[in-house]
Amino acid sequence: MKTIVICGATATGKSDLAVSLANEIDAEIINADSMQLYRGMDIGTAKLTAAERGGIPHHLLDVLDVTEDATVAWYQSAARDAISDIHARGKNTVIVGGTGLYIKAILDDLNFPDTDPLVRERLNKEAEDFGVAKLFERLQLLDPAAAAAINIQNVRRVIRALEVIEITGQPFTANLPREDSSKYPDAMQFGLVMDREKLTERIDARVDLMWERGLVAEVDALIAEGITKATTARRALGYAQVISMRSGEISEELAKEETKRATRQYARRQETWFSRDARIQWISPIQPRLETVLEKINSRSK
RNA sequence: GGCGGGUUGCCCGAGCGGCCAAUGGGAGGGGACUGUAAAUCCCCCGGCUCUGCCUUCGAAGGUUCAAAUCCUUCACCCGCCA
C-alpha cells in the first residue's frame, strides 16, 4: 500500500491536489495541519468543505475541541494508527499538510519522551523568577550536547530539555534526525512551491476571502466555546488577530493586515523547514501537478 | 501675518559638534527546530574592489580640524496667537 505525502507552504494548493490524487489512486486522506485538527476552525484554516472533499474520507480532521491542546506525540500515534487502519482496508494513504514536524513525526523514528505538567509548571516558574540563564546553566551541566544545540534565549526549548532530563533521567536529544530513520521507507513526499510574489498574492486574496466568508463570526463562536483559554488553538493565524481585535487591542483593519503579514512569515518558515528534507520531490509551478505526481508514483512502483 | 515645534535609512522612531552608516521597533531576507510547531528562537538588513573606502540624516549655502547635531536662507508639515 502506498503512503504519499503532499507538503509545502500555506496557500500553495495542497488540499485540492490531495483530493484529486486520492481519487486517482484510491486513497484516503490524513490531515497533517496542526490547526485543522480543531472543530469549528474552518474558515481561518482554509479547511476543505465536505463537498470539496469529494467523498474522500479525511482522518485527523475535526477531531479536537479548541479547548483541547494538540501535541506532536499524540498526533504521531493517532496518525500512524490511521495509516495502519487505512492500509488494512486495502486503501492507499495521502498525507497532506503544512505542519512539518507532524509529517516528520509520522515518517521518521521520532520518540517523544513523556511530559509532566507539574514539572513543566515548576520550571516555568523558575524561569520567570530567576531567568532562563539560570536554567540554561543547569542544562549545560546536565546535558552539554543539548545546551550546545539550544539557544539560551529559547525558553520553551530549554525548559522542555530540562523537563525530559528530569523525568527520564536521560539526556535530551536536541537535534532531529535527518533523512535516515524512516518508518515508512516506501513513502513518497511531494512538495508544492510557488515563487514569493505569487504566494503573497494568494495569501492576501485568501485572507480577504476568509473575512468575506465570516472569519470574525467564526472566531466569536469559538470565543464563546473558550478558545481564549486554550494554549494552542488561540495562536492560530487569523484567530489570534481576531481575538486581539475583540479584546479591543487592535482595529479590524489591522487584524486583517496582521493576519496577512503573519501568514507570509509562516509560509517562509514552512519553506525553510521543508527545504532541508532531501526526500521531498518538488513539483515546480509550471508542471501539471496531478499528472506529475501520478507519473512519479507509477514509475516508482514499476 | 506673528510666535513655537518638526522634517533621520523601505516604514515608525532615537540621536542633538568628534566614540554615527547613525540606539530601538516594524517590514523584508536567511536559518534553527523531538510533547504549544500557524508555536518558540537565532542571524542579516545603505553601497563597494570590504581590517578600508564611498554615498546618506528635507534642500542649498556657511561656521569648524571635525556637523544628522551650530548658523543662514528656502520648501513642506504641525501647534498656538491673529
# chains A, B, ... in the order shown; residues from 1 in each chain; ligands from 1
call {"tool": "residues_around", "arguments": {"residues": "Ala161 of chain A", "least_positions_apart": "5", "cutoff": "12 Å", "atoms": "only C-alpha atoms (C1' of nucleotides)", "output": "count of residues only"}}
result
38
call {"tool": "interface_residues", "arguments": {"of": "chain B", "to": "chain A", "cutoff": "10 Å", "atoms": "only C-alpha atoms (C1' of nucleotides)", "output": "JSON, numbers by chain"}}
result
{"B": [27, 29, 30, 31, 32, 33, 34, 35, 36, 37, 38, 39, 40, 41, 42]}
call {"tool": "select_by_dssp", "arguments": {"residues": "segment 58-242 of chain A", "states": "alpha helix (DSSP H)", "output": "ChimeraX atom specification"}}
result
/A:72-88,100-107,117-130,132-142,144-149,155-168,196-212,215-224,239-242
call {"tool": "select_by_dssp", "arguments": {"residues": "segment 31-265 of chain A", "states": "strand (DSSP E)", "output": "list of chain:residue names"}}
result
A:Asn31, A:His58, A:His59, A:Asn92, A:Thr93, A:Val94, A:Ile95, A:Val96, A:Met188, A:Gln189, A:Phe190, A:Gly191, A:Leu192
call {"tool": "residues_around", "arguments": {"residues": "C80 of chain B", "least_positions_apart": "4", "cutoff": "12 Å", "atoms": "only C-alpha atoms (C1' of nucleotides)", "output": "short mmCIF file (atom, residue, chain, number, x, y, z; two decimals) with N, CA and C atoms (P, O5', C5', C4', C3', O3' and C1' of nucleotides), in the first residue's frame"}}
result
data_model
loop_
_atom_site.label_atom_id
_atom_site.label_comp_id
_atom_site.auth_asym_id
_atom_site.auth_seq_id
_atom_site.Cartn_x
_atom_site.Cartn_y
_atom_site.Cartn_z
P G B 2 5.25 87.25 9.30
"O5'" G B 2 4.81 87.24 10.83
"C5'" G B 2 5.06 88.38 11.65
"C4'" G B 2 4.69 88.06 13.07
"C3'" G B 2 5.43 86.88 13.69
"O3'" G B 2 6.71 87.25 14.19
"C1'" G B 2 3.13 86.66 14.14
P C B 3 7.90 86.23 14.16
"O5'" C B 3 7.57 85.24 15.37
"C5'" C B 3 7.66 85.70 16.72
"C4'" C B 3 7.07 84.67 17.65
"C3'" C B 3 7.72 83.29 17.61
"O3'" C B 3 8.91 83.22 18.36
"C1'" C B 3 5.38 83.05 17.55
P G B 4 10.04 82.17 17.94
"O5'" G B 4 9.38 80.76 18.30
"C5'" G B 4 9.37 80.30 19.65
"C4'" G B 4 8.53 79.05 19.77
"C3'" G B 4 9.08 77.79 19.09
"O3'" G B 4 10.07 77.14 19.86
"C1'" G B 4 6.78 78.00 18.61
P G B 5 11.10 76.17 19.13
"O5'" G B 5 10.18 74.93 18.71
"C5'" G B 5 9.78 73.97 19.68
"C4'" G B 5 9.01 72.85 19.01
"C3'" G B 5 9.77 72.08 17.93
"O3'" G B 5 10.64 71.09 18.46
"C1'" G B 5 7.61 72.60 17.14
#
call {"tool": "residues_around", "arguments": {"residues": "Arg89 of chain A", "least_positions_apart": "5", "cutoff": "12 Å", "atoms": "only C-alpha atoms (C1' of nucleotides)", "output": "short mmCIF file (atom, residue, chain, number, x, y, z; two decimals) with all heavy atoms, in the first residue's frame"}}
result
data_model
loop_
_atom_site.label_atom_id
_atom_site.label_comp_id
_atom_site.auth_asym_id
_atom_site.auth_seq_id
_atom_site.Cartn_x
_atom_site.Cartn_y
_atom_site.Cartn_z
N MET A 1 0.84 -1.20 0.00
CA MET A 1 0.00 0.00 0.00
C MET A 1 0.87 1.25 0.00
O MET A 1 1.92 1.28 0.64
CB MET A 1 -0.90 0.01 1.24
CG MET A 1 -2.01 -1.05 1.20
SD MET A 1 -3.24 -0.73 -0.08
CE MET A 1 -2.71 -1.90 -1.33
N ASP A 26 -7.15 5.71 -5.34
CA ASP A 26 -7.97 5.02 -4.35
C ASP A 26 -7.36 5.14 -2.95
O ASP A 26 -6.94 4.15 -2.35
CB ASP A 26 -8.13 3.53 -4.72
CG ASP A 26 -9.17 2.85 -3.84
OD1 ASP A 26 -10.08 3.55 -3.35
OD2 ASP A 26 -9.04 1.62 -3.61
N ALA A 27 -7.29 6.38 -2.50
CA ALA A 27 -6.67 6.61 -1.20
C ALA A 27 -7.60 7.37 -0.25
O ALA A 27 -8.59 7.95 -0.67
CB ALA A 27 -5.38 7.41 -1.39
N GLU A 28 -7.23 7.32 1.01
CA GLU A 28 -7.91 8.15 2.00
C GLU A 28 -6.89 9.17 2.48
O GLU A 28 -5.68 8.98 2.33
CB GLU A 28 -8.41 7.28 3.17
CG GLU A 28 -9.48 6.31 2.70
CD GLU A 28 -10.18 5.57 3.83
OE1 GLU A 28 -9.93 5.88 5.01
OE2 GLU A 28 -11.00 4.68 3.51
N ALA A 82 -4.07 5.59 12.10
CA ALA A 82 -4.95 5.83 10.95
C ALA A 82 -4.36 5.20 9.70
O ALA A 82 -5.07 4.58 8.90
CB ALA A 82 -5.15 7.33 10.75
N ILE A 83 -3.05 5.33 9.53
CA ILE A 83 -2.41 4.74 8.35
C ILE A 83 -2.57 3.22 8.35
O ILE A 83 -2.97 2.62 7.35
CB ILE A 83 -0.90 5.10 8.30
CG1 ILE A 83 -0.74 6.60 8.07
CG2 ILE A 83 -0.21 4.32 7.18
CD1 ILE A 83 0.71 7.08 8.16
N SER A 84 -2.30 2.61 9.51
CA SER A 84 -2.44 1.15 9.60
C SER A 84 -3.85 0.74 9.23
O SER A 84 -4.08 -0.23 8.50
CB SER A 84 -2.16 0.66 11.02
OG SER A 84 -0.93 1.15 11.46
#
call {"tool": "closest_residue", "arguments": {"among": "A:Lys256, A:Arg213, A:Arg80, A:Arg264", "to": "Leu199 of chain A", "atoms": "only C-alpha atoms"}}
result
A:Arg264
call {"tool": "residues_around", "arguments": {"residues": "U23 of chain B", "least_positions_apart": "6", "cutoff": "12 Å", "atoms": "only C-alpha atoms (C1' of nucleotides)", "output": "list of chain:residue names"}}
result
B:G13, B:A14, B:G15
call {"tool": "atom_distance", "arguments": {"atom1": "atom CA of Ile30 of chain A", "atom2": "atom CA of Thr93 of chain A"}}
result
7.2 Å
call {"tool": "residues_around", "arguments": {"residues": "segment 277-293 of chain A", "least_positions_apart": "2", "cutoff": "10 Å", "atoms": "only C-alpha atoms (C1' of nucleotides)", "output": "VMD selection string"}}
result
chain A and resid 4 to 8 12 to 14 16 to 18 20 to 21 24 100 104 178 to 180 187 to 195 272 to 275 295 to 299
call {"tool": "closest_residue", "arguments": {"among": "B:C11, B:G18, B:C53, B:C78", "to": "C65 of chain B", "atoms": "only C-alpha atoms (C1' of nucleotides)"}}
result
B:G18
call {"tool": "residues_around", "arguments": {"residues": "Glu52 of chain A", "least_positions_apart": "3", "cutoff": "10 Å", "atoms": "only C-alpha atoms (C1' of nucleotides)", "output": "list in words"}}
result
Ser15, Asp16, Val19, Lys47, Leu48, Thr49, Gly55 and Ile56 of chain A
call {"tool": "decode", "arguments": {"residues": "segment 35-80 of chain B", "atoms": "C-alpha atoms (C1' of nucleotides)", "output": "PDB file, in the first residue's frame"}}
result
ATOM      1  C1'   G B  35       5.122  16.762  23.594  1.00  0.00           C
ATOM      2  C1'   U B  36       2.221  24.901  22.420  1.00  0.00           C
ATOM      3  C1'   A B  37       5.288  23.683  15.872  1.00  0.00           C
ATOM      4  C1'   A B  38       0.009  28.535  12.265  1.00  0.00           C
ATOM      5  C1'   A B  39       4.490  27.713  18.251  1.00  0.00           C
ATOM      6  C1'   U B  40       9.378  29.150  20.015  1.00  0.00           C
ATOM      7  C1'   C B  41      14.124  31.060  18.867  1.00  0.00           C
ATOM      8  C1'   C B  42      18.719  32.920  16.180  1.00  0.00           C
ATOM      9  C1'   C B  43      21.286  35.779  12.307  1.00  0.00           C
ATOM     10  C1'   C B  44      21.411  39.639   8.298  1.00  0.00           C
ATOM     11  C1'   C B  45      19.487  44.104   6.798  1.00  0.00           C
ATOM     12  C1'   G B  46      22.943  51.861   2.680  1.00  0.00           C
ATOM     13  C1'   G B  47      26.722  50.648  -1.223  1.00  0.00           C
ATOM     14  C1'   C B  48      31.533  48.774  -2.536  1.00  0.00           C
ATOM     15  C1'   U B  49      37.210  46.490  -5.485  1.00  0.00           C
ATOM     16  C1'   C B  50      35.057  45.406   2.409  1.00  0.00           C
ATOM     17  C1'   U B  51      40.638  45.099   8.586  1.00  0.00           C
ATOM     18  C1'   G B  52      39.325  50.199   4.390  1.00  0.00           C
ATOM     19  C1'   C B  53      36.573  53.387   1.159  1.00  0.00           C
ATOM     20  C1'   C B  54      32.164  55.845  -0.860  1.00  0.00           C
ATOM     21  C1'   U B  55      27.110  57.988  -0.539  1.00  0.00           C
ATOM     22  C1'   U B  56      23.191  59.002   3.391  1.00  0.00           C
ATOM     23  C1'   C B  57      20.021  62.210   8.381  1.00  0.00           C
ATOM     24  C1'   G B  58      14.139  67.881   3.774  1.00  0.00           C
ATOM     25  C1'   A B  59      17.210  71.482   0.001  1.00  0.00           C
ATOM     26  C1'   A B  60      21.155  74.979  -0.746  1.00  0.00           C
ATOM     27  C1'   G B  61      24.914  77.690   1.428  1.00  0.00           C
ATOM     28  C1'   G B  62      28.050  78.778   5.841  1.00  0.00           C
ATOM     29  C1'   U B  63      30.915  78.152  10.737  1.00  0.00           C
ATOM     30  C1'   U B  64      34.539  74.365  12.480  1.00  0.00           C
ATOM     31  C1'   C B  65      40.462  70.481  12.339  1.00  0.00           C
ATOM     32  C1'   A B  66      35.500  67.820  12.618  1.00  0.00           C
ATOM     33  C1'   A B  67      28.245  68.656  11.642  1.00  0.00           C
ATOM     34  C1'   A B  68      22.491  64.298  11.473  1.00  0.00           C
ATOM     35  C1'   U B  69      23.886  67.542  15.505  1.00  0.00           C
ATOM     36  C1'   C B  70      25.644  75.002  15.318  1.00  0.00           C
ATOM     37  C1'   C B  71      24.240  79.454  11.854  1.00  0.00           C
ATOM     38  C1'   U B  72      21.552  81.496   7.337  1.00  0.00           C
ATOM     39  C1'   U B  73      18.022  81.181   3.521  1.00  0.00           C
ATOM     40  C1'   C B  74      14.351  78.182   1.055  1.00  0.00           C
ATOM     41  C1'   A B  75      10.480  74.167   0.803  1.00  0.00           C
ATOM     42  C1'   C B  76       6.852  71.262   3.176  1.00  0.00           C
ATOM     43  C1'   C B  77       4.160  69.587   7.776  1.00  0.00           C
ATOM     44  C1'   C B  78       2.176  70.609  12.863  1.00  0.00           C
ATOM     45  C1'   G B  79       0.503  73.701  17.182  1.00  0.00           C
ATOM     46  C1'   C B  80      -0.791  78.413  19.395  1.00  0.00           C
TER      47        C B  80
END
